[in-house]
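Printed here is upload_9.cif (mmCIF, C-alpha atoms and all ligand atoms):
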data_protein
#
loop_
_atom_site.label_atom_id
_atom_site.label_comp_id
_atom_site.auth_asym_id
_atom_site.auth_seq_id
_atom_site.Cartn_x
_atom_site.Cartn_y
_atom_site.Cartn_z
CA MET A 1 0.00 0.00 0.00
CA ASN A 2 1.27 3.47 -0.91
CA ILE A 3 2.31 5.82 1.86
CA SER A 4 -0.38 8.32 2.95
CA LYS A 5 0.13 12.00 2.22
CA THR A 6 0.21 12.75 5.97
CA MET A 7 2.94 10.15 6.55
CA GLN A 8 4.88 11.28 3.49
CA ASP A 9 4.80 14.92 4.67
CA ALA A 10 5.95 13.90 8.14
CA PHE A 11 8.91 12.03 6.61
CA ASN A 12 9.73 14.99 4.40
CA LYS A 13 9.86 17.18 7.49
CA GLN A 14 12.18 14.71 9.22
CA ILE A 15 14.42 14.43 6.14
CA ILE A 16 14.90 18.21 6.26
CA ALA A 17 15.67 17.96 9.99
CA GLU A 18 18.33 15.30 9.27
CA LEU A 19 19.94 17.53 6.63
CA TRP A 20 19.81 20.43 9.10
CA SER A 21 21.57 18.18 11.64
CA ALA A 22 24.22 17.37 9.03
CA ASN A 23 24.79 21.10 8.50
CA ILE A 24 25.06 21.73 12.24
CA TYR A 25 27.75 19.05 12.61
CA LEU A 26 29.56 20.15 9.47
CA SER A 27 29.61 23.70 10.83
CA MET A 28 31.00 22.39 14.14
CA ALA A 29 33.61 20.35 12.23
CA PHE A 30 34.74 23.47 10.34
CA TRP A 31 34.90 25.47 13.57
CA PHE A 32 36.89 22.73 15.34
CA ARG A 33 39.24 22.57 12.38
CA LYS A 34 39.74 26.35 12.45
CA GLU A 35 40.49 26.16 16.18
CA GLY A 36 43.04 23.37 15.63
CA TRP A 37 41.11 20.47 17.24
CA LYS A 38 41.64 17.65 14.79
CA GLY A 39 40.02 14.87 16.85
CA PHE A 40 36.82 16.81 17.54
CA ALA A 41 36.67 17.94 13.91
CA GLY A 42 36.98 14.33 12.71
CA TRP A 43 34.20 13.21 15.06
CA MET A 44 31.90 15.97 13.77
CA PHE A 45 32.66 15.24 10.10
CA LYS A 46 31.69 11.61 10.69
CA GLN A 47 28.54 12.68 12.50
CA ALA A 48 27.56 15.00 9.61
CA GLU A 49 28.02 12.12 7.17
CA GLU A 50 25.77 9.87 9.30
CA GLU A 51 23.02 12.50 9.36
CA ARG A 52 23.14 12.76 5.58
CA GLU A 53 22.84 8.97 5.41
CA HIS A 54 19.76 9.14 7.67
CA ALA A 55 18.16 11.64 5.27
CA ILE A 56 18.90 9.45 2.23
CA ASP A 57 17.74 6.29 4.01
CA MET A 58 14.42 7.96 4.92
CA ALA A 59 14.05 9.29 1.37
CA ASN A 60 14.66 5.80 -0.05
CA TYR A 61 11.99 4.45 2.26
CA VAL A 62 9.45 7.07 1.11
CA PHE A 63 10.29 6.24 -2.54
CA SER A 64 9.88 2.53 -1.87
CA ARG A 65 6.35 3.28 -0.63
CA GLY A 66 5.46 5.24 -3.75
CA GLY A 67 5.90 8.66 -2.13
CA GLU A 68 7.70 11.87 -3.08
CA VAL A 69 10.55 13.71 -1.41
CA LYS A 70 11.04 17.45 -1.70
CA ILE A 71 13.75 19.37 0.07
CA ALA A 72 12.51 22.70 1.44
CA ALA A 73 14.54 25.50 3.05
CA ILE A 74 16.99 24.37 5.70
CA GLU A 75 17.37 26.53 8.80
CA ALA A 76 20.66 28.44 9.21
CA VAL A 77 23.14 27.00 11.73
CA ASP A 78 25.54 28.48 14.30
CA THR A 79 29.13 28.94 13.18
CA GLU A 80 31.00 29.24 16.46
CA TRP A 81 30.84 28.03 20.04
CA GLU A 82 32.35 29.19 23.31
CA SER A 83 34.47 26.07 23.83
CA PRO A 84 34.73 22.44 22.71
CA LYS A 85 32.59 21.45 25.68
CA ALA A 86 29.92 24.03 24.72
CA ALA A 87 29.79 22.54 21.21
CA PHE A 88 29.22 19.05 22.64
CA GLU A 89 26.58 20.39 25.04
CA ALA A 90 24.83 21.94 22.02
CA THR A 91 25.14 18.58 20.26
CA LEU A 92 23.45 16.74 23.12
CA LYS A 93 20.66 19.30 23.24
CA HIS A 94 20.20 19.00 19.49
CA GLU A 95 20.07 15.19 19.63
CA MET A 96 17.46 15.38 22.41
CA ASP A 97 15.38 17.65 20.16
CA VAL A 98 15.82 15.17 17.28
CA THR A 99 14.64 12.37 19.58
CA GLU A 100 11.45 14.38 20.17
CA MET A 101 11.03 14.79 16.40
CA ILE A 102 11.48 11.05 15.81
CA ASN A 103 8.94 10.33 18.55
CA LYS A 104 6.48 12.65 16.81
CA LEU A 105 7.15 10.87 13.52
CA ALA A 106 6.35 7.59 15.29
CA ASP A 107 3.13 9.16 16.62
CA VAL A 108 2.07 9.99 13.04
CA ALA A 109 2.77 6.38 11.99
CA ASP A 110 0.58 5.21 14.91
CA GLU A 111 -2.23 7.63 14.01
CA GLU A 112 -2.03 6.54 10.37
CA LYS A 113 -2.00 2.86 11.47
CA ASP A 114 0.99 2.51 9.13
CA ARG A 115 2.77 -0.63 10.37
CA ALA A 116 5.55 -0.51 7.77
CA SER A 117 6.46 3.02 8.84
CA GLN A 118 6.23 2.04 12.50
CA ASN A 119 8.79 -0.71 11.79
CA PHE A 120 11.02 1.59 9.79
CA ILE A 121 10.99 4.32 12.46
CA ALA A 122 11.78 1.82 15.25
CA LYS A 123 15.44 1.68 14.20
CA TYR A 124 15.65 5.48 14.50
CA ILE A 125 14.23 5.32 18.01
CA ASP A 126 17.11 2.92 18.86
CA GLU A 127 19.54 5.12 16.92
CA GLN A 128 18.62 8.15 19.05
CA VAL A 129 19.35 6.22 22.25
CA GLU A 130 22.82 5.45 20.81
CA GLU A 131 23.43 9.00 19.62
CA GLU A 132 22.47 10.58 22.94
CA LYS A 133 24.67 8.05 24.77
CA SER A 134 27.75 8.62 22.62
CA VAL A 135 27.55 12.41 23.08
CA ASN A 136 26.88 12.00 26.78
CA ASP A 137 29.97 9.78 27.11
CA ILE A 138 32.08 12.57 25.61
CA LEU A 139 30.54 15.12 27.99
CA VAL A 140 31.46 12.86 30.91
CA LEU A 141 35.10 13.10 29.73
CA PHE A 142 34.89 16.90 29.72
CA ASN A 143 33.41 16.88 33.19
CA GLN A 144 36.10 14.52 34.49
CA GLN A 145 38.70 16.84 33.04
CA SER A 146 37.27 19.84 34.87
CA THR A 147 37.18 17.79 38.09
CA HIS A 148 40.88 17.07 37.58
CA ALA A 149 41.53 20.74 36.92
CA MET A 150 39.83 21.50 40.21
CA HIS A 151 41.97 18.82 41.88
CA ALA A 152 45.05 20.41 40.33
CA ASP A 153 43.94 23.80 41.69
CA SER A 154 43.36 22.50 45.20
CA HIS A 155 46.67 20.58 45.08
CA ILE A 156 48.55 23.80 44.24
CA ASP A 157 46.54 25.63 46.86
CA ARG A 158 47.58 23.08 49.52
CA LYS A 159 51.20 23.28 48.38
CA LEU A 160 51.28 27.04 48.69
CA ALA A 161 49.62 26.85 52.08
CA ALA A 162 52.29 24.35 53.21
CA MET A 163 55.09 26.63 51.93
CA GLN A 164 53.75 29.43 54.05
CA GLY A 165 54.07 27.12 57.04
FE1 LIG B 201 19.84 11.50 12.66
FE2 LIG B 201 21.51 12.54 15.04
O1 LIG B 201 19.82 12.27 14.31
#
Go ahead and render the structure in this file as structure tokens.
Amino acid sequence: MNISKTMQDAFNKQIIAELWSANIYLSMAFWFRKEGWKGFAGWMFKQAEEEREHAIDMANYVFSRGGEVKIAAIEAVDTEWESPKAAFEATLKHEMDVTEMINKLADVADEEKDRASQNFIAKYIDEQVEEEKSVNDILVLFNQQSTHAMHADSHIDRKLAAMQG
């Protein structure tokens, strides 16, 4: 059975959101590169590529159900962040927003009683759990680092106190 217009439009909206995500991560990759952070830049380039793959995968699904895909305007993205940690915090927030969008897409599939789309969307529900976790793991590293920095500060503080007798 062909995809309904409502379901098709909901996928089109999500495809644009995936391309917007790709642009966000590409913009972060360029910023990291400019700032000299090769590892972070590489991570963001890979992330951007994955988002583009999500968009194409969703488009292929819509085509396979006899639907159409049209790319509308894509929202502008930020071009700089306060720090590497701030960029990853923005990434986590963005992924949480995307999770909400995917949940809404799943709601449409439920309302449309579209079992094929429900099945297709299920892997993106799992994917969002993975994406949020991988960004969160990186944020844990940043937070550990700042704890160490605080330890370093208090170590120096104790040393100076000891020197003063
Ligand atoms: Fe395709 Fe990171 O959401």
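With distances restricted to all atoms listed in the file, A:Tyr25 is the closest residue to ligand LIG 201 (chain B) from A:Tyr25, A:Trp81, A:Phe120, A:Phe11.
Take the candidates A:Asp110, A:Glu100, A:Glu80, A:Glu131 and check each one against ligand LIG 201 (chain B) using only C-alpha atoms and all ligand atoms; the shortest distance goes to A:Glu131.
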Which protein, DNA or RNA residues have an atom within 6 Å of ligand LIG 201 (chain B), counting all atoms listed in the file, as a compact mmCIF listing (two decimals) with C-alpha atoms, in the frame of the given file?
# COMPACT_ATOMS: atom_id res chain seq x y z
CA GLU A 18 18.33 15.30 9.27
CA GLU A 51 23.02 12.50 9.36
CA HIS A 54 19.76 9.14 7.67
CA GLU A 95 20.07 15.19 19.63
CA VAL A 98 15.82 15.17 17.28
Neighbours of Asn136 (chain A) within 9 Å (all atoms listed in the file; same-chain residues fewer than 5 positions away dropped), as an MDAnalysis selection string? chainID A and resid 88:89 92 131 141
Name the closest residue to Gly66 (chain A) among the candidates A:Met101, A:Met28, A:Ala109, A:Ile3; distances are taken between atoms, counting only C-alpha atoms.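 Residue with the minimum atom-to-atom distance to Gly66 (chain A): A:Ile3.
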Quick one: of A:Asn103, A:Asn23, A:Gln14, A:Asn2, who's nearest to Asp57 (chain A), counting all atoms listed in the file?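 Ranking A:Asn103, A:Asn23, A:Gln14, A:Asn2 by distance to Asp57 (chain A), first place goes to A:Gln14.
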Just how far from CA of Ile71 (chain A) is CA of Ala122 (chain A), in Å to one decimal?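 It comes out at 23.3 Å.
Proximity to Asp9 (chain A) was assessed for A:Met58, A:Ala149, A:Lys123, A:Arg158 counting only C-alpha atoms; the smallest distance is recorded for A:Met58.
The residue that comes closest to Asn12 (chain A), out of A:Trp31, A:Phe63, A:Phe142, A:Trp43 and on the basis of only C-alpha atoms, is A:Phe63.
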Just how far from CA of Asp78 (chain A) is CA of Leu139 (chain A), in Å to one decimal?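 Between CA of Leu139 (chain A) and CA of Asp78 (chain A) the gap is 19.8 Å.
The space between CA of Gln144 (chain A) and CA of Met96 (chain A) spans 22.2 Å.
Within 10 Å of Ile16 (chain A), once all atoms listed in the file are used and residues closer than 3 positions along the same chain are dropped, the contacting residues are A:Phe11, A:Asn12, A:Lys13, A:Leu19, A:Trp20, A:Ser21, A:Ala22, A:Arg52, A:Ala55, A:Val69, A:Lys70, A:Ile71, A:Ala72, A:Ala73, A:Ile74, A:Glu75.
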The residues within 10 Å of (6.8, 3.6, 16.5), using only C-alpha atoms and the coordinates of the file, should be reported as an mmCIF file with C-alpha atoms, in the coordinates of the input; which are they?
data_model
loop_
_atom_site.group_PDB
_atom_site.id
_atom_site.type_symbol
_atom_site.label_atom_id
_atom_site.label_comp_id
_atom_site.auth_asym_id
_atom_site.auth_seq_id
_atom_site.Cartn_x
_atom_site.Cartn_y
_atom_site.Cartn_z
ATOM 1 C CA ILE A 102 11.480 11.050 15.810
ATOM 2 C CA ASN A 103 8.940 10.330 18.550
ATOM 3 C CA LYS A 104 6.480 12.650 16.810
ATOM 4 C CA LEU A 105 7.150 10.870 13.520
ATOM 5 C CA ALA A 106 6.350 7.590 15.290
ATOM 6 C CA ASP A 107 3.130 9.160 16.620
ATOM 7 C CA VAL A 108 2.070 9.990 13.040
ATOM 8 C CA ALA A 109 2.770 6.380 11.990
ATOM 9 C CA ASP A 110 0.580 5.210 14.910
ATOM 10 C CA ASP A 114 0.990 2.510 9.130
ATOM 11 C CA ARG A 115 2.770 -0.630 10.370
ATOM 12 C CA ALA A 116 5.550 -0.510 7.770
ATOM 13 C CA SER A 117 6.460 3.020 8.840
ATOM 14 C CA GLN A 118 6.230 2.040 12.500
ATOM 15 C CA ASN A 119 8.790 -0.710 11.790
ATOM 16 C CA PHE A 120 11.020 1.590 9.790
ATOM 17 C CA ILE A 121 10.990 4.320 12.460
ATOM 18 C CA ALA A 122 11.780 1.820 15.250
ATOM 19 C CA LYS A 123 15.440 1.680 14.200
ATOM 20 C CA TYR A 124 15.650 5.480 14.500
ATOM 21 C CA ILE A 125 14.230 5.320 18.010
#
So that I can see what lies close to Ala41 (chain A), please list as a PyMOL selection string the residues with an atom at most 6 Å from it, counting only C-alpha atoms and leaving out residues fewer than 5 positions away in the same chain. chain A and resi 29+32-33
Mind writing the picked residues with C-alpha atoms as a PDB file, in the frame of the given file?
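The file below, part-v2.pdb, is the result:
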ATOM      1  CA  ALA A  29      33.610  20.350  12.230  1.00  0.00           C
ATOM      2  CA  PHE A  32      36.890  22.730  15.340  1.00  0.00           C
ATOM      3  CA  ARG A  33      39.240  22.570  12.380  1.00  0.00           C
TER       4      ARG A  33
END
